[in-house]
Structures are given as C-alpha cells and as structure tokens.
$ cat start_34.tsv   # TSV, C-alpha atoms
chain	number	residue	atom	x	y	z
A	11	MET	CA	83.76	55.75	35.75
A	12	GLY	CA	81.34	56.84	33.03
A	13	ASN	CA	78.45	55.67	35.16
A	14	PHE	CA	79.75	57.73	38.06
A	15	ILE	CA	80.00	60.85	35.91
A	16	ASN	CA	76.43	60.27	34.75
A	17	LYS	CA	75.28	60.11	38.37
A	18	ILE	CA	77.16	63.30	39.19
A	19	THR	CA	75.50	65.01	36.21
A	20	ILE	CA	72.02	63.90	37.34
A	21	ILE	CA	72.60	64.98	40.94
A	22	SER	CA	74.01	68.32	39.79
A	23	LEU	CA	70.93	68.90	37.65
A	24	ILE	CA	68.70	68.09	40.64
A	25	ALA	CA	70.70	70.57	42.71
A	26	LEU	CA	70.34	73.27	40.08
A	27	ILE	CA	66.59	72.69	39.68
A	28	SER	CA	66.18	72.74	43.45
A	29	SER	CA	68.07	76.02	43.73
A	30	PHE	CA	65.74	77.44	41.07
A	31	LEU	CA	62.72	76.22	43.06
A	32	ILE	CA	64.13	77.82	46.20
A	33	SER	CA	64.51	81.15	44.40
A	34	CYS	CA	60.88	80.90	43.18
A	35	ASP	CA	59.41	80.22	46.60
A	36	ASP	CA	57.36	83.43	46.78
A	37	GLU	CA	53.81	82.05	47.02
A	38	GLY	CA	52.19	85.14	48.55
A	39	CYS	CA	49.68	85.00	51.37
A	40	ILE	CA	47.77	81.74	51.19
A	41	GLU	CA	46.09	81.66	54.61
A	42	SER	CA	43.21	83.57	56.13
A	43	VAL	CA	44.36	86.78	57.78
A	44	VAL	CA	41.03	87.59	59.44
A	45	ALA	CA	40.13	85.72	62.63
A	46	TYR	CA	36.37	85.18	62.55
A	47	THR	CA	34.49	84.35	65.70
A	48	ASN	CA	32.50	81.32	64.67
A	49	GLY	CA	29.26	80.38	66.31
A	50	SER	CA	26.25	78.19	65.83
A	51	LEU	CA	22.56	78.98	66.27
A	52	ASN	CA	20.66	76.34	68.18
A	53	VAL	CA	16.94	75.89	68.73
A	54	THR	CA	15.91	75.07	72.30
A	55	THR	CA	12.10	75.32	72.14
A	56	GLU	CA	9.90	72.44	71.17
A	57	ASP	CA	7.99	74.79	68.89
A	58	PRO	CA	10.74	76.28	66.70
A	59	ILE	CA	10.44	79.91	65.74
A	60	ASP	CA	10.30	80.41	61.99
A	61	ILE	CA	13.27	82.64	61.06
A	62	ASN	CA	13.73	83.68	57.45
A	63	SER	CA	17.02	85.49	57.87
A	64	TYR	CA	19.03	87.65	60.24
A	65	SER	CA	21.32	90.65	60.06
A	66	VAL	CA	24.12	91.75	62.38
A	67	TRP	CA	25.52	95.25	63.00
A	68	GLY	CA	28.54	96.17	65.02
A	69	ILE	CA	27.48	98.93	67.43
A	70	GLY	CA	29.91	101.82	67.18
A	71	GLN	CA	31.12	100.91	63.74
A	72	GLU	CA	31.94	104.16	61.93
A	73	ARG	CA	29.82	103.64	58.80
A	74	ASP	CA	27.03	101.83	60.65
A	75	SER	CA	27.17	99.16	57.97
A	76	ALA	CA	25.95	95.62	58.50
A	77	MET	CA	28.44	92.90	59.31
A	78	LEU	CA	25.96	90.35	57.99
A	79	ARG	CA	22.86	91.34	55.98
A	80	ASN	CA	19.86	89.05	55.60
A	81	SER	CA	21.91	85.91	56.12
A	82	THR	CA	19.92	82.72	55.65
A	83	ASN	CA	22.60	80.50	57.18
A	84	LEU	CA	20.72	79.46	60.31
A	85	THR	CA	23.29	76.99	61.55
A	86	GLY	CA	26.63	78.81	61.38
A	87	ILE	CA	27.59	82.43	61.94
A	88	GLU	CA	30.85	84.34	61.47
A	89	LEU	CA	31.39	87.52	63.48
A	90	LEU	CA	34.10	90.14	63.56
A	91	LEU	CA	35.23	91.40	66.94
A	92	ASN	CA	36.68	94.89	67.26
A	93	PRO	CA	40.49	94.49	67.71
A	94	ASN	CA	40.82	98.02	69.15
A	95	THR	CA	38.67	97.46	72.22
A	96	ASP	CA	38.13	94.73	74.82
A	97	TYR	CA	34.42	94.27	74.07
A	98	THR	CA	32.15	94.33	71.04
A	99	ASP	CA	28.43	95.07	71.05
A	100	LEU	CA	26.55	93.38	68.22
A	101	ARG	CA	22.94	94.06	67.27
A	102	PHE	CA	21.14	91.01	65.93
A	103	GLN	CA	17.96	91.49	63.92
A	104	PHE	CA	15.99	88.29	63.32
A	105	ASN	CA	13.60	88.51	60.40
A	106	MET	CA	10.49	86.36	60.72
A	107	PRO	CA	7.60	86.13	58.24
A	108	ASN	CA	5.50	88.79	59.96
A	109	ASP	CA	7.85	90.41	62.43
A	110	THR	CA	11.44	91.38	63.30
A	111	VAL	CA	13.08	90.90	66.69
A	112	THR	CA	16.24	92.67	67.81
A	113	ASP	CA	18.66	91.39	70.45
A	114	THR	CA	22.05	92.69	71.58
A	115	ILE	CA	25.01	90.43	72.27
A	116	THR	CA	28.20	91.67	73.91
A	117	PHE	CA	31.49	89.78	73.67
A	118	TYR	CA	34.11	90.57	76.31
A	119	TYR	CA	37.63	89.49	75.41
A	120	LYS	CA	41.33	90.21	75.31
A	121	SER	CA	42.76	90.87	71.86
A	122	ARG	CA	46.32	90.49	70.65
A	123	GLU	CA	48.16	91.05	67.43
A	124	TYR	CA	49.57	87.85	65.98
A	125	PHE	CA	52.33	87.71	63.36
A	126	LEU	CA	51.39	85.11	60.74
A	127	ASN	CA	54.19	85.40	58.18
A	128	ILE	CA	55.92	88.00	56.04
A	129	ASP	CA	53.45	87.69	53.14
A	130	CYS	CA	50.26	87.82	55.21
A	131	GLY	CA	51.48	90.19	57.88
A	132	CYS	CA	49.61	90.09	61.15
A	133	SER	CA	46.15	89.22	62.36
A	134	ALA	CA	44.20	90.00	65.52
A	135	PHE	CA	43.42	87.01	67.73
A	136	PHE	CA	41.00	87.09	70.67
A	137	ASP	CA	40.47	85.26	73.94
A	138	ILE	CA	36.74	85.44	74.76
A	139	GLU	CA	36.00	85.84	78.46
A	140	THR	CA	32.23	86.24	78.65
A	141	ILE	CA	29.20	86.68	76.42
A	142	ASP	CA	26.21	88.79	77.58
A	143	PHE	CA	22.89	89.10	75.79
A	144	LYS	CA	19.82	91.34	76.06
A	145	GLY	CA	16.52	91.08	74.27
A	146	HIS	CA	13.68	88.69	73.64
A	147	PHE	CA	14.90	86.05	71.32
A	148	ILE	CA	18.22	84.61	72.54
A	149	THR	CA	17.85	82.49	75.67
A	150	ASP	CA	21.44	81.44	76.29
A	151	ALA	CA	25.02	81.80	75.05
A	152	GLU	CA	27.81	79.31	75.64
A	153	ILE	CA	31.55	79.65	75.01
A	154	ILE	CA	32.84	76.48	73.37
A	155	ASN	CA	36.36	77.54	72.47
A	156	PRO	CA	37.48	80.89	73.87
A	157	GLU	CA	40.52	81.30	71.60
A	158	VAL	CA	39.62	82.97	68.31
A	159	THR	CA	42.32	82.49	65.67
A	160	ASN	CA	42.43	82.33	61.88
A	161	GLU	CA	41.66	78.61	62.10
A	162	LYS	CA	37.99	77.89	61.60
A	163	LYS	CA	36.50	76.30	64.70
A	164	ILE	CA	33.29	76.84	66.66
A	165	ASN	CA	33.85	79.40	69.42
A	166	PHE	CA	30.34	79.85	70.83
A	167	LYS	CA	26.75	78.65	70.68
A	168	LEU	CA	23.63	80.79	70.75
A	169	PHE	CA	20.33	79.26	71.83
A	170	TYR	CA	16.89	80.66	70.96
B	5	MET	CA	98.49	30.85	48.84
B	6	ARG	CA	99.62	32.36	52.11
B	7	LYS	CA	100.69	28.96	53.56
B	8	LYS	CA	102.72	28.28	50.43
B	9	LEU	CA	104.46	31.63	50.73
B	10	ILE	CA	105.26	31.08	54.40
B	11	LEU	CA	106.66	27.62	53.63
B	12	ASN	CA	108.74	29.00	50.80
B	13	TYR	CA	109.96	31.82	53.00
B	14	SER	CA	110.94	29.41	55.79
B	15	ILE	CA	112.85	27.18	53.42
B	16	ARG	CA	114.77	30.15	52.07
B	17	ILE	CA	115.63	31.31	55.60
B	18	LEU	CA	117.03	27.88	56.34
B	19	LEU	CA	119.00	27.85	53.09
B	20	MET	CA	120.36	31.32	53.94
B	21	PHE	CA	121.47	29.97	57.31
B	22	PHE	CA	123.34	27.05	55.75
B	23	PHE	CA	124.85	29.01	52.89
B	24	SER	CA	125.64	32.22	54.75
B	25	GLY	CA	129.19	32.10	53.42
B	26	SER	CA	128.03	32.86	49.92
B	27	SER	CA	127.43	36.67	49.84
B	28	VAL	CA	125.98	36.73	46.29
B	29	PHE	CA	123.39	34.13	47.14
B	30	ALA	CA	122.65	35.85	50.39
B	31	GLN	CA	122.05	39.22	48.67
B	32	ASN	CA	119.78	37.68	46.03
B	33	SER	CA	117.91	35.87	48.72
B	34	ARG	CA	117.44	39.05	50.73
B	35	GLU	CA	115.98	40.85	47.72
B	36	GLU	CA	113.61	38.01	47.02
B	37	ASP	CA	112.67	37.80	50.70
B	38	PHE	CA	111.86	41.51	50.76
B	39	ASN	CA	109.66	41.15	47.73
B	40	GLU	CA	107.81	38.27	49.27
B	41	ILE	CA	107.33	40.09	52.57
B	42	VAL	CA	105.80	43.00	50.65
B	43	VAL	CA	103.47	40.56	48.94
B	44	MET	CA	102.53	39.05	52.31
B	45	GLN	CA	101.94	42.47	53.82
B	46	SER	CA	99.76	43.71	50.97
B	47	ASP	CA	97.81	40.50	51.21
B	48	SER	CA	97.03	41.06	54.90
B	49	VAL	CA	96.08	44.76	54.94
B	50	VAL	CA	93.11	45.54	57.16
B	51	LYS	CA	91.22	48.73	56.45
B	52	PRO	CA	90.17	50.55	59.64
B	53	PHE	CA	86.53	50.68	60.71
B	54	VAL	CA	86.78	54.47	60.86
B	55	ARG	CA	88.34	55.30	57.51
B	56	SER	CA	88.46	59.04	58.11
B	57	VAL	CA	87.05	61.95	60.03
B	58	ALA	CA	86.24	65.25	58.39
B	59	ILE	CA	85.61	68.82	59.43
B	60	GLY	CA	83.50	70.85	57.08
B	61	THR	CA	81.16	73.76	56.55
B	62	ASN	CA	78.32	74.78	54.27
B	63	LEU	CA	79.47	77.71	52.14
B	64	ALA	CA	76.13	78.38	50.42
B	65	SER	CA	74.39	80.15	53.28
B	66	PRO	CA	77.23	82.52	54.32
B	67	VAL	CA	77.89	83.37	50.66
B	68	MET	CA	74.21	84.13	50.04
B	69	LYS	CA	74.17	86.27	53.20
B	70	ALA	CA	77.25	88.14	52.00
B	71	LEU	CA	75.47	88.75	48.68
B	72	GLY	CA	72.58	90.45	50.44
B	73	GLN	CA	70.26	87.69	51.63
B	74	ASP	CA	68.32	88.78	54.73
B	75	HIS	CA	69.26	85.69	56.76
B	76	GLY	CA	72.11	83.23	56.97
B	77	ASP	CA	73.76	80.44	58.89
B	78	PHE	CA	77.36	79.51	59.55
B	79	GLU	CA	78.03	76.00	60.74
B	80	VAL	CA	80.85	73.58	61.43
B	81	MET	CA	80.25	69.93	60.70
B	82	ALA	CA	82.19	66.95	62.02
B	83	GLU	CA	81.76	63.68	60.21
B	84	ALA	CA	83.18	60.16	60.39
B	85	ASN	CA	83.53	57.73	57.51
B	86	LEU	CA	82.63	54.27	58.78
B	87	ILE	CA	83.72	51.47	56.41
B	88	ASN	CA	83.14	53.89	53.51
B	89	ARG	CA	79.44	53.21	53.87
B	90	PHE	CA	77.97	55.17	56.80
B	91	PHE	CA	78.72	58.83	57.53
B	92	PRO	CA	77.41	59.98	60.94
B	93	GLU	CA	77.54	63.74	61.31
B	94	ILE	CA	77.15	66.33	64.02
B	95	SER	CA	77.10	70.03	63.39
B	96	PHE	CA	76.88	73.26	65.35
B	97	GLY	CA	76.27	76.69	64.01
B	98	VAL	CA	74.89	80.16	64.44
B	99	GLY	CA	72.38	82.05	62.36
B	100	ASN	CA	70.58	85.38	62.30
B	101	GLY	CA	68.14	87.28	60.14
B	102	ASN	CA	66.62	90.70	59.71
B	103	ILE	CA	63.98	91.75	57.22
B	104	PHE	CA	62.14	94.95	56.28
B	105	ALA	CA	59.16	93.64	54.33
B	106	ASP	CA	57.29	95.55	51.63
B	107	ASN	CA	54.23	95.74	53.92
B	108	GLY	CA	56.31	97.64	56.48
B	109	ILE	CA	56.83	94.80	58.94
B	110	GLN	CA	60.29	94.42	60.43
B	111	VAL	CA	61.41	91.10	61.93
B	112	ASP	CA	64.70	90.73	63.76
B	113	VAL	CA	66.22	87.39	64.76
B	114	PRO	CA	69.44	87.94	66.75
B	115	TYR	CA	72.31	85.46	66.44
B	116	ALA	CA	71.29	82.10	67.90
B	117	MET	CA	72.80	78.64	67.97
B	118	PHE	CA	71.54	75.51	66.31
B	119	SER	CA	72.71	71.92	66.21
B	120	ARG	CA	72.11	68.91	64.03
B	121	ILE	CA	72.86	65.21	64.06
B	122	GLY	CA	72.49	62.98	61.07
B	123	LEU	CA	73.51	59.90	59.20
B	124	HIS	CA	74.35	59.57	55.51
B	125	TYR	CA	74.81	56.48	53.39
B	126	ASN	CA	77.30	56.15	50.54
B	127	PHE	CA	75.57	54.51	47.61
B	128	LEU	CA	78.91	53.96	45.84
B	129	HIS	CA	80.67	52.23	48.71
B	130	LYS	CA	81.52	49.20	46.57
B	131	LYS	CA	83.19	51.19	43.83
B	132	GLU	CA	86.60	52.86	43.69
B	133	THR	CA	85.54	56.31	42.55
B	134	PRO	CA	86.93	59.80	43.09
B	135	GLY	CA	83.67	60.82	44.69
B	136	ILE	CA	80.64	59.55	46.52
B	137	VAL	CA	76.90	59.77	46.08
B	138	ILE	CA	75.25	60.02	49.48
B	139	GLY	CA	71.81	60.35	50.97
B	140	GLY	CA	70.58	60.51	54.50
B	141	ILE	CA	68.56	62.05	57.27
B	142	ARG	CA	69.33	64.80	59.76
B	143	TYR	CA	67.59	66.10	62.87
B	144	GLY	CA	68.03	69.73	63.82
B	145	PHE	CA	67.20	71.87	66.83
B	146	SER	CA	67.39	75.57	67.53
B	147	SER	CA	66.44	77.83	70.43
B	148	TYR	CA	66.19	81.47	69.41
B	149	LYS	CA	64.37	84.77	69.84
B	150	SER	CA	62.52	87.04	67.43
B	151	SER	CA	61.08	90.53	67.69
B	152	TYR	CA	58.47	92.10	65.39
B	153	LYS	CA	57.85	95.75	64.64
B	154	TYR	CA	55.31	97.93	62.81
B	155	LEU	CA	52.44	95.45	62.72
B	156	GLU	CA	49.03	96.69	61.60
B	157	PHE	CA	45.82	94.78	61.11
B	158	SER	CA	42.59	95.54	59.28
B	159	ASP	CA	39.54	93.35	58.71
B	160	ASP	CA	37.85	96.02	56.52
B	161	TYR	CA	34.98	96.36	59.00
B	162	TRP	CA	36.41	97.71	62.23
B	163	PRO	CA	39.02	100.49	62.23
B	164	SER	CA	42.60	99.33	61.61
B	165	THR	CA	44.72	98.71	64.66
B	166	PRO	CA	47.48	101.26	65.28
B	167	SER	CA	51.01	100.21	64.41
B	168	THR	CA	52.30	98.04	67.20
B	169	ASN	CA	55.32	95.94	68.13
B	170	ILE	CA	55.51	92.42	69.49
B	171	PRO	CA	58.23	92.17	72.12
B	172	GLU	CA	60.94	89.55	71.87
B	173	GLN	CA	59.46	86.08	71.61
B	174	LYS	CA	61.34	82.90	72.46
B	175	PHE	CA	61.02	79.85	70.22
B	176	ASN	CA	62.23	76.26	70.35
B	177	SER	CA	61.97	74.58	66.95
B	178	HIS	CA	63.12	71.20	65.74
B	179	TRP	CA	62.95	69.63	62.34
B	180	LEU	CA	63.91	66.70	60.12
B	181	GLU	CA	65.85	66.86	56.87
B	182	ILE	CA	66.04	64.17	54.22
B	183	GLY	CA	68.32	64.66	51.27
B	184	GLY	CA	71.13	63.58	49.07
B	185	GLY	CA	73.99	64.82	47.01
B	186	ILE	CA	77.48	64.27	45.75
B	187	ARG	CA	80.94	64.84	47.11
B	188	VAL	CA	84.25	64.69	45.25
B	189	LYS	CA	87.84	64.64	46.48
B	190	CYS	CA	89.62	67.69	45.14
B	191	TYR	CA	93.10	68.21	46.51
B	192	LYS	CA	94.87	66.23	49.23
B	193	GLY	CA	92.40	66.08	52.10
B	194	LEU	CA	89.92	68.55	50.62
B	195	SER	CA	86.59	67.43	49.27
B	196	MET	CA	83.47	69.35	48.30
B	197	GLY	CA	80.00	68.71	47.04
B	198	TRP	CA	76.33	69.61	46.77
B	199	MET	CA	73.55	68.45	49.05
B	200	VAL	CA	69.82	69.06	48.63
B	201	TYR	CA	67.61	68.63	51.69
B	202	TYR	CA	63.84	68.51	52.01
B	203	LYS	CA	62.83	69.67	55.48
B	204	TRP	CA	59.87	69.11	57.75
B	205	LEU	CA	59.25	71.09	60.91
B	206	VAL	CA	58.50	68.59	63.66
B	207	LYS	CA	57.70	71.43	66.04
B	208	GLU	CA	57.41	75.01	64.86
B	209	GLY	CA	57.38	76.32	68.41
B	210	SER	CA	55.02	79.26	67.82
B	211	SER	CA	54.39	81.61	70.73
B	212	ASP	CA	51.10	83.25	71.78
B	213	TYR	CA	51.93	86.26	69.60
B	214	ALA	CA	53.85	85.07	66.58
B	215	ASN	CA	54.96	82.37	64.23
B	216	PRO	CA	58.69	82.21	63.63
B	217	TRP	CA	59.82	83.91	60.42
B	218	TYR	CA	63.35	82.50	60.29
B	219	ILE	CA	64.70	79.51	62.18
B	220	PRO	CA	68.50	79.36	62.56
B	221	GLY	CA	69.76	76.18	60.90
B	222	TYR	CA	66.43	75.56	59.17
B	223	GLY	CA	65.92	78.71	57.16
B	224	ILE	CA	62.76	80.62	56.34
B	225	ASN	CA	59.69	79.10	57.98
B	226	GLY	CA	57.62	77.56	55.19
B	227	ASN	CA	60.53	77.02	52.82
B	228	GLY	CA	61.06	73.27	52.84
B	229	ILE	CA	64.10	72.99	50.57
B	230	SER	CA	67.72	73.90	51.14
B	231	LEU	CA	70.69	73.62	48.85
B	232	ASN	CA	74.06	73.24	50.54
B	233	PHE	CA	77.52	73.57	49.07
B	234	ASN	CA	79.77	71.79	51.52
B	235	ILE	CA	83.54	71.77	51.78
B	236	TYR	CA	85.41	69.30	54.01
B	237	TYR	CA	88.93	68.61	55.16
B	238	ASN	CA	89.45	64.89	55.69
B	239	PHE	CA	91.85	63.26	58.13
B	240	GLU	CA	92.33	59.73	56.84
B	241	PHE	CA	93.39	56.80	58.99
B	242	LYS	CA	96.03	54.45	57.60
B	243	ASP	CA	95.33	50.82	56.86
B	244	ARG	CA	96.38	48.35	59.54
B	245	LYS	CA	98.82	45.56	58.61
$ encode --input "start_34.tsv" --output "structure tokens"
Amino acid sequence: MGNFINKITIISLIALISSFLISCDDEGCIESVVAYTNGSLNVTTEDPIDINSYSVWGIGQERDSAMLRNSTNLTGIELLLNPNTDYTDLRFQFNMPNDTVTDTITFYYKSREYFLNIDCGCSAFFDIETIDFKGHFITDAEIINPEVTNEKKINFKLFY
Amino acid sequence: MRKKLILNYSIRILLMFFFSGSSVFAQNSREEDFNEIVVMQSDSVVKPFVRSVAIGTNLASPVMKALGQDHGDFEVMAEANLINRFFPEISFGVGNGNIFADNGIQVDVPYAMFSRIGLHYNFLHKKETPGIVIGGIRYGFSSYKSSYKYLEFSDDYWPSTPSTNIPEQKFNSHWLEIGGGIRVKCYKGLSMGWMVYYKWLVKEGSSDYANPWYIPGYGINGNGISLNFNIYYNFEFKDRK
C-alpha cells in the first residue's frame, strides 16, 4: 500500500510539473516569417566572366533602396517579391573589375497570404509562373520550384 | 482439496438419508453442508474477461474553457477493463476555439467533432489496490474548419499588405498520444484520475493558405502536452461461479 501511495505521489508530481510546462508554452515566433525567393547563379560560358559583386534593386520600391548591395555571394541569392502585385521588376547590377553591367529580371507570380501561427502571424507565399530577363549579362532563367514559402529551397536558376 | 470436500459432502448426504429421522442431526448437517458449499463456491469463482465497462469524460478542458481559455473540448469516453490489465478506449467529442491575438489576428474554429481510440495498460494489475497506474497510446482524428481575419504582412522592403481575411479553410488532422497517469476508485462506481499525454501530429493537414491554430481533440497546434483530469462511472460485471 505504501508503495502504491509513493507511485501516486510521483505521478501527481509529474502531472503538476507537466501542467506548469503547459502554462509556460509561450515560445514566441521561432520560424522565418519572410518567404525569400531563393536562386542560384550559374556560369554557362567556357570563359567565365569575372564578377566581384552584384547589387539588386526592386523597381518601384518607395525608397529606391537596394535589396542586396554589393553582395559577393556568387552562388546563392535571396530575393523579395512584392506581395501587393502579381509581378516584380528587379534591377541587377553586376560589378566587374573595370565595368558594371545592368540587367532587368521580372518575376510573374500569384501571391497569397499564409497564416503561420499566432506568434508569427502571417507571411506572403508566391507561386512563380514565369521569369523574363532583359540585358546583356543573363542568358537564361529556369524555374526549379515555383512555390515560394518560408522554407529555404532553390526556386530558380540564373545563367550568365 | 476439492475431491476431498466432494467425497465428504457425498458421505454426509448419504448419512442424512439414512438418519433422516433425527432432526437435530439433520439440522446440524444442513448447516455444515451450507458452509462447505460456500467454501466450494468461493474456491471455484471465475472472474469475467471483461471486468467492467466505464463511461467517462475529461473535466480539465471544459473547466479551463469555463475559466476563460480561448479553446476547449468536451468528450465522452467509453472504456472496457479486460482482465484488469488492458483498457481499450474509444472517445468522441466536440471542440471549438476563438482567439483575438495581440497582433490583431483573429482565428475562429467553429464546433467540430473529433474521435480517438486507444489502449492503456494497468501496471498494478497483480496487486489489490484502490487505484491503478496506467500508461498507453491513443490515436486521434478530427475534421474541422478555421477562418482567419485581419492578417497583415510586411517584409520591411516592399509596402505592407493591406489587412486581409482568409476564408474558411477545411482541415483533416490526425495525431498520436502517448501518456500515463493514475486513477483511483472514489465512491461506488465512481473513479477519477490524472493523465498526462505527449502528442505528435501525424498529419497536420495544412491548407494552401493556413496552418491550423487549434485542432479539436488535440489542442493548440505546436503544444505537444496535455493534462487530463478524467472522471469515470464504472459498471462492474459479477464473478462467475
């Protein structure tokens, strides 16, 4: 009988501790709210062009501020699409040792608000439909994964 | 032991037959016979495979809802006690939730049904105790709808989106629960106890526009622990002779 009461005491303590843990379950937002459009830059020519860095501007952005400024990450790129429209024009400026080249890339997509959770609120997710490009540097663009969410995965490839 | 008793009993029946004229002897013999029959009966009692069935409910969730919690479940559980060792359970319930978050988002989950099946094991099945210590696993399922209001998004580069609503989304979620607890007999057929469950969503069932906030029967999405305070009424089956 004493052994049984001991077991009841232990289980009751576990129950009390668990109820305390449940009441302290407010962890805040622990996931990424912003859905970045992830891409990779790929060289297609046999004689690679020497790029030092590149910058990206969103055309139509109110403050005309750079989305990326003098980024030296030549393999991966994270872009922000405008959630209020169904396309985003981006101006790419490639900085080479003795020159700069500017290209324009346009993403066409459908955007949607997505409820993540109470702490994080909502995000904007996108379904990319097409990618257009104008300029001298970029030779091709390929959609790898059209769904842009807050999970990091490659969505497109740019070739130059 | 039993053979000896039967032999003794038979001899006494025969003696009663031959000495039926003696009332005193006959009365004494009858009393002794009755006592022996009781002994024989108690020696041959067979406990039923299904010892009892119980109807119960979890009081914790409705009480917390009544105290102001933004969500809550009410469920009815039916359980069988098999050889005081295994306790299969099935439960049905309804739950709803509604929250106005600090960030302005409102989520509404209308009343929806859920169901669960499970099996518990009594770790004290060998002991005669006033209570039991049980542990087990349960599988739950719920089909429900949620609507979301006043959602805004900003990535600090493009202008914020205007406040928008996500129309009613339909979800199908199922989950597993593993837990344990105690239960004690209180008064006549009533018993009550605590159970703590750790829960894993097997399928969250997210839609194209939203994750579920609250899942009837499971609780808040992302909260993997639940504490239940269960009360049961037991219908016990008598021992067979």
$ residues_around --input "start_34.tsv" --residues "segment 92-103 of chain B" --least-positions-apart "2" --cutoff "7 Å" --atoms "all atoms listed in the file" --output "mmCIF file with C-alpha atoms, in the coordinates of the input"
data_model
loop_
_atom_site.group_PDB
_atom_site.id
_atom_site.type_symbol
_atom_site.label_atom_id
_atom_site.label_comp_id
_atom_site.auth_asym_id
_atom_site.auth_seq_id
_atom_site.Cartn_x
_atom_site.Cartn_y
_atom_site.Cartn_z
ATOM 1 C CA ASP B 74 68.320 88.780 54.730
ATOM 2 C CA HIS B 75 69.260 85.690 56.760
ATOM 3 C CA GLY B 76 72.110 83.230 56.970
ATOM 4 C CA ASP B 77 73.760 80.440 58.890
ATOM 5 C CA PHE B 78 77.360 79.510 59.550
ATOM 6 C CA GLU B 79 78.030 76.000 60.740
ATOM 7 C CA VAL B 80 80.850 73.580 61.430
ATOM 8 C CA MET B 81 80.250 69.930 60.700
ATOM 9 C CA ALA B 82 82.190 66.950 62.020
ATOM 10 C CA GLU B 83 81.760 63.680 60.210
ATOM 11 C CA ALA B 84 83.180 60.160 60.390
ATOM 12 C CA PHE B 90 77.970 55.170 56.800
ATOM 13 C CA ALA B 105 59.160 93.640 54.330
ATOM 14 C CA GLN B 110 60.290 94.420 60.430
ATOM 15 C CA VAL B 111 61.410 91.100 61.930
ATOM 16 C CA ASP B 112 64.700 90.730 63.760
ATOM 17 C CA VAL B 113 66.220 87.390 64.760
ATOM 18 C CA PRO B 114 69.440 87.940 66.750
ATOM 19 C CA TYR B 115 72.310 85.460 66.440
ATOM 20 C CA ALA B 116 71.290 82.100 67.900
ATOM 21 C CA MET B 117 72.800 78.640 67.970
ATOM 22 C CA PHE B 118 71.540 75.510 66.310
ATOM 23 C CA SER B 119 72.710 71.920 66.210
ATOM 24 C CA ARG B 120 72.110 68.910 64.030
ATOM 25 C CA ILE B 121 72.860 65.210 64.060
ATOM 26 C CA GLY B 122 72.490 62.980 61.070
ATOM 27 C CA LEU B 123 73.510 59.900 59.200
ATOM 28 C CA HIS B 124 74.350 59.570 55.510
ATOM 29 C CA TYR B 218 63.350 82.500 60.290
ATOM 30 C CA PRO B 220 68.500 79.360 62.560
ATOM 31 C CA GLY B 221 69.760 76.180 60.900
#
$ interface_residues --input "start_34.tsv" --of "chain B" --to "chain A" --cutoff "8 Å" --atoms "only C-alpha atoms" --output "ChimeraX atom specification"
/B:105,107,109,133,137,152,155-159,161-165,170,185-186,198-200,212-217,227,229-231
$ atom_distance --input "start_34.tsv" --atom1 "atom CA of Tyr170 of chain A" --atom2 "atom CA of Thr54 of chain A"
5.8 Å
$ residues_near_point --input "start_34.tsv" --point "(34.6, 83.0, 79.6)" --cutoff "12 Å" --atoms "only C-alpha atoms" --output "VMD selection string"
chain A and resid 117 to 120 136 to 142 151 to 157 165 to 166
$ residues_around --input "start_34.tsv" --residues "Phe175 of chain B" --least-positions-apart "2" --cutoff "6 Å" --atoms "all atoms listed in the file" --output "tab-separated table (two decimals) with C-alpha atoms, in the frame of the given file"
chain	number	residue	atom	x	y	z
B	147	SER	CA	66.44	77.83	70.43
B	148	TYR	CA	66.19	81.47	69.41
B	149	LYS	CA	64.37	84.77	69.84
B	209	GLY	CA	57.38	76.32	68.41
$ residues_near_point --input "start_34.tsv" --point "(17.6, 84.2, 78.4)" --cutoff "12 Å" --atoms "all atoms listed in the file" --output "ChimeraX atom specification"
/A:54,113-115,142-152,168-170
